[in-house]
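These notes are about the structure you will find just below.
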Amino acid sequence: MWNYEKRLQYPVKITQTNPEIAQVIISQYGGPDGELAASMRYLAQRYTMPYNTVTGVLTDIGTEELAHFEMICAIVYQLTRNLTPEEIKESGFDKYYVDHTLALWPQAAGGIPFNACEFQSKGDVITDLMEDMAADATS
Amino acid sequence: MNIGCKPCMDSERQRLLLEISKVDFALKELNLYLDTHPYDQQGMENFRQYNALKNKLVKDYTEKYGPLVLSIVDMDSREWKWATQDWPWEGGYN
């Protein structure tokens with residue numbers, strides 16, 4: 001089980017909105033190398049990891065990644081807070097807004113929805129750890 | 001575009017919260033290190049010290065400003081501040 005700490009891992013305080021940048025940064029939430037995929041990969045792989053110590057690493061990193069996507073979501077949320085209809089249209093944020101308004105939804109910058117095909121879980125120690133290194137070296 | 005982080009340092013509340021972040025970062029790294037070095041006595045001693053420090057800082061913060069974790073809450077208050085105070089992504093103090 002998990003417990004929540006009511007703080008971000010590092011503070012996010014954005015003073016000026018910027019929907020163009022938000023559309024790029026959202027990939028780090030729900031994109032192929034995003035924090036959500038990172039967290040789900042570690043937390044999925046840990047059950048069949050045959051070494052307790054390595055299961056510990058997968059559990060604790062998978063947990064930390066949850067705090068990472070919370071920071072990314074805070075960034076996107078603050079970059080798009082209180083946008084006017086004109087700002088939404090001019091920035092191209094309208095294509096996201098039509099389906100999600102200013103709510104957070106995990107997708108890649110190109111609009112591809114998050115899905116489990118972004119990561120792998122094979123039950124083989126070397127395969128899974130290689131997959132982790134390939135994924136986390138990019139983000 | 002003006003993305004300022006200077007306000008982070010503007011108040012005692014923010015300073016205390018940043019201190020908690022720093023100590024927790026050290027704890028997280030020690031946690032991961034100890035997972036694969038479970039008999040490292042120095043590592044465990046460092047973890048004990050930072051853990052005690054974090055608990056003290058979180059207790060101080062909670063008494064002054066409100067809860068960060070459900071295991072340390074001010075039950076003398078008539079208000080369930082966990083839910084009434086801002087959530088961390090709002091860009092306020094936390």
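Here's how to read the names in the structure tokens: chain A, B, ... by the order shown, residue numbers from 1 in each chain, ligand numbers from 1 in the order shown.
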
**OP:** Counting only C-alpha atoms, collect the residues of chain B whose closest atom lies at most 12 Å from chain A, and write them out as a VMD selection string.
**Re:** chain B and resid 1 to 9 14 to 15 17 to 39 58 61 to 62 66 to 73 81 to 83 85 to 94

**OP:** Using only C-alpha atoms, determine which residues lie at most 9 Å from stretch 95-103 of chain A, disregarding the query and same-chain residues fewer than 4 positions distant; provide the list as a count of residues only.
**Re:** 9

**OP:** Identify all residues of chain B in alpha helix (DSSP H) (DSSP on the backbone) and supply them as a PyMOL selection string.
**Re:** chain B and resi 12-36+41-64+81-84

For the residues in that selection, give me N, CA and C atoms as a short mmCIF file (atom, residue, chain, number, x, y, z; two decimals), in the first residue's frame.
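Okay, this is what ended up in selection19.cif:
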```cif
data_model
loop_
_atom_site.label_atom_id
_atom_site.label_comp_id
_atom_site.auth_asym_id
_atom_site.auth_seq_id
_atom_site.Cartn_x
_atom_site.Cartn_y
_atom_site.Cartn_z
N GLU B 12 9.45 31.91 5.91
CA GLU B 12 9.89 30.87 6.82
C GLU B 12 9.22 29.53 6.46
N ARG B 13 7.96 29.63 6.06
CA ARG B 13 7.24 28.43 5.69
C ARG B 13 7.87 27.73 4.49
N GLN B 14 8.22 28.53 3.49
CA GLN B 14 8.84 27.95 2.29
C GLN B 14 10.24 27.44 2.58
N ARG B 15 10.94 28.14 3.48
CA ARG B 15 12.29 27.71 3.85
C ARG B 15 12.24 26.34 4.53
N LEU B 16 11.28 26.21 5.44
CA LEU B 16 11.12 24.94 6.17
C LEU B 16 10.74 23.81 5.23
N LEU B 17 9.87 24.11 4.29
CA LEU B 17 9.43 23.09 3.35
C LEU B 17 10.59 22.64 2.44
N LEU B 18 11.41 23.62 2.03
CA LEU B 18 12.57 23.30 1.20
C LEU B 18 13.58 22.46 1.98
N GLU B 19 13.70 22.73 3.27
CA GLU B 19 14.58 21.95 4.14
C GLU B 19 14.10 20.49 4.21
N ILE B 20 12.79 20.33 4.32
CA ILE B 20 12.21 18.98 4.33
C ILE B 20 12.50 18.27 3.00
N SER B 21 12.37 19.01 1.89
CA SER B 21 12.67 18.43 0.56
C SER B 21 14.11 17.96 0.48
N LYS B 22 15.02 18.78 1.02
CA LYS B 22 16.45 18.45 0.96
C LYS B 22 16.75 17.19 1.77
N VAL B 23 16.24 17.15 2.99
CA VAL B 23 16.48 15.99 3.86
C VAL B 23 15.84 14.74 3.26
N ASP B 24 14.65 14.91 2.68
CA ASP B 24 13.96 13.77 2.09
C ASP B 24 14.70 13.25 0.85
N PHE B 25 15.34 14.16 0.11
CA PHE B 25 16.14 13.75 -1.05
C PHE B 25 17.29 12.86 -0.60
N ALA B 26 17.96 13.27 0.46
CA ALA B 26 19.05 12.46 1.01
C ALA B 26 18.53 11.09 1.47
N LEU B 27 17.36 11.10 2.11
CA LEU B 27 16.76 9.85 2.59
C LEU B 27 16.43 8.92 1.43
N LYS B 28 15.90 9.50 0.36
CA LYS B 28 15.51 8.69 -0.80
C LYS B 28 16.75 8.03 -1.42
N GLU B 29 17.83 8.80 -1.55
CA GLU B 29 19.05 8.24 -2.12
C GLU B 29 19.64 7.16 -1.22
N LEU B 30 19.62 7.39 0.09
CA LEU B 30 20.10 6.38 1.03
C LEU B 30 19.23 5.12 0.97
N ASN B 31 17.94 5.32 0.85
CA ASN B 31 16.98 4.23 0.73
C ASN B 31 17.36 3.32 -0.46
N LEU B 32 17.60 3.94 -1.62
CA LEU B 32 17.92 3.16 -2.82
C LEU B 32 19.29 2.49 -2.68
N TYR B 33 20.23 3.20 -2.08
CA TYR B 33 21.56 2.64 -1.87
C TYR B 33 21.49 1.42 -0.95
N LEU B 34 20.75 1.57 0.15
CA LEU B 34 20.65 0.48 1.13
C LEU B 34 19.92 -0.74 0.57
N ASP B 35 19.02 -0.53 -0.39
CA ASP B 35 18.31 -1.66 -1.00
C ASP B 35 19.31 -2.67 -1.58
N THR B 36 20.39 -2.15 -2.16
CA THR B 36 21.37 -3.06 -2.75
C THR B 36 22.66 -3.18 -1.92
N GLN B 41 26.74 -0.46 7.39
CA GLN B 41 26.43 0.14 8.70
C GLN B 41 26.42 1.67 8.66
N GLN B 42 27.38 2.22 7.91
CA GLN B 42 27.44 3.69 7.81
C GLN B 42 26.19 4.22 7.10
N GLY B 43 25.78 3.51 6.04
CA GLY B 43 24.57 3.90 5.30
C GLY B 43 23.35 3.87 6.20
N MET B 44 23.25 2.83 7.01
CA MET B 44 22.09 2.72 7.90
C MET B 44 22.10 3.78 8.99
N GLU B 45 23.31 4.10 9.48
CA GLU B 45 23.42 5.15 10.49
C GLU B 45 23.01 6.51 9.89
N ASN B 46 23.46 6.77 8.65
CA ASN B 46 23.06 8.00 7.97
C ASN B 46 21.54 8.05 7.80
N PHE B 47 20.96 6.92 7.42
CA PHE B 47 19.50 6.89 7.24
C PHE B 47 18.79 7.22 8.55
N ARG B 48 19.27 6.61 9.64
CA ARG B 48 18.65 6.86 10.96
C ARG B 48 18.68 8.34 11.30
N GLN B 49 19.83 8.98 11.06
CA GLN B 49 19.97 10.39 11.42
C GLN B 49 19.06 11.29 10.59
N TYR B 50 19.08 11.07 9.26
CA TYR B 50 18.25 11.92 8.39
C TYR B 50 16.76 11.66 8.64
N ASN B 51 16.41 10.40 8.96
CA ASN B 51 15.02 10.07 9.22
C ASN B 51 14.51 10.79 10.47
N ALA B 52 15.36 10.82 11.51
CA ALA B 52 14.98 11.53 12.74
C ALA B 52 14.83 13.02 12.46
N LEU B 53 15.76 13.55 11.64
CA LEU B 53 15.70 14.97 11.30
C LEU B 53 14.44 15.29 10.51
N LYS B 54 14.10 14.43 9.55
CA LYS B 54 12.89 14.67 8.75
C LYS B 54 11.65 14.64 9.64
N ASN B 55 11.56 13.67 10.52
CA ASN B 55 10.39 13.59 11.41
C ASN B 55 10.25 14.84 12.26
N LYS B 56 11.38 15.35 12.73
CA LYS B 56 11.35 16.57 13.54
C LYS B 56 10.87 17.77 12.70
N LEU B 57 11.43 17.89 11.48
CA LEU B 57 11.05 19.01 10.61
C LEU B 57 9.57 18.94 10.22
N VAL B 58 9.08 17.72 9.92
CA VAL B 58 7.67 17.56 9.52
C VAL B 58 6.76 17.90 10.71
N LYS B 59 7.20 17.51 11.92
CA LYS B 59 6.41 17.82 13.12
C LYS B 59 6.36 19.34 13.33
N ASP B 60 7.53 20.00 13.19
CA ASP B 60 7.58 21.47 13.32
C ASP B 60 6.65 22.12 12.31
N TYR B 61 6.76 21.67 11.06
CA TYR B 61 5.96 22.25 9.98
C TYR B 61 4.46 22.08 10.27
N THR B 62 4.10 20.86 10.69
CA THR B 62 2.69 20.56 10.94
C THR B 62 2.13 21.46 12.05
N GLU B 63 2.90 21.65 13.10
CA GLU B 63 2.43 22.48 14.22
C GLU B 63 2.22 23.93 13.78
N LYS B 64 3.11 24.40 12.89
CA LYS B 64 3.01 25.81 12.49
C LYS B 64 2.04 26.04 11.34
N LYS B 81 -7.45 20.06 8.44
CA LYS B 81 -6.70 20.91 7.51
C LYS B 81 -6.15 20.15 6.31
N TRP B 82 -5.97 18.84 6.48
CA TRP B 82 -5.50 18.00 5.36
C TRP B 82 -6.33 18.28 4.10
N ALA B 83 -7.63 18.46 4.29
CA ALA B 83 -8.51 18.66 3.13
C ALA B 83 -8.84 20.12 2.86
N THR B 84 -8.81 20.96 3.89
CA THR B 84 -9.24 22.35 3.66
C THR B 84 -8.10 23.22 3.11
#
```

**OP:** List the neighbours of A:Leu129 out to 12 Å using only C-alpha atoms; skip same-chain residues closer than 3 positions along the sequence, and give me the result as a list of chain:residue names.
**Re:**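 The residues satisfying every condition are A:Arg41, A:Tyr42, A:Gln45, A:Arg46, A:Met49, A:Val54, A:Thr55, A:Val57, A:Leu58, A:Phe119, A:Gln120, A:Ser121, A:Lys122, A:Gly123, A:Asp124, A:Val125, A:Ile126, A:Asp132, A:Met133, A:Ala134, A:Ala135, A:Asp136, A:Ala137.
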
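If only C-alpha atoms are the atoms counted, then among A:Ala37, A:Met1, A:Val24, A:Ala67 the closest residue to A:Cys117 is A:Ala37.
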
Original post:
Do you have the atom CA of A:Tyr51-atom CA of A:Met130 distance handy?
Top reply: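 Separation between atom CA of A:Tyr51 and atom CA of A:Met130: 15.9 Å.
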
Subject >> Length of the atom CA of A:Gly31 to atom CA of A:Glu131 vector [Å] >> reply: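 One can read the atom CA of A:Gly31 to atom CA of A:Glu131 distance as 16.2 Å.
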
**OP:** Figure out the distance between atom CA of A:Pro50 and atom CA of A:Gly30, please, to one decimal in Å.
**Re:**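 For atom CA of A:Gly30 relative to atom CA of A:Pro50, the distance reads 29.1 Å.
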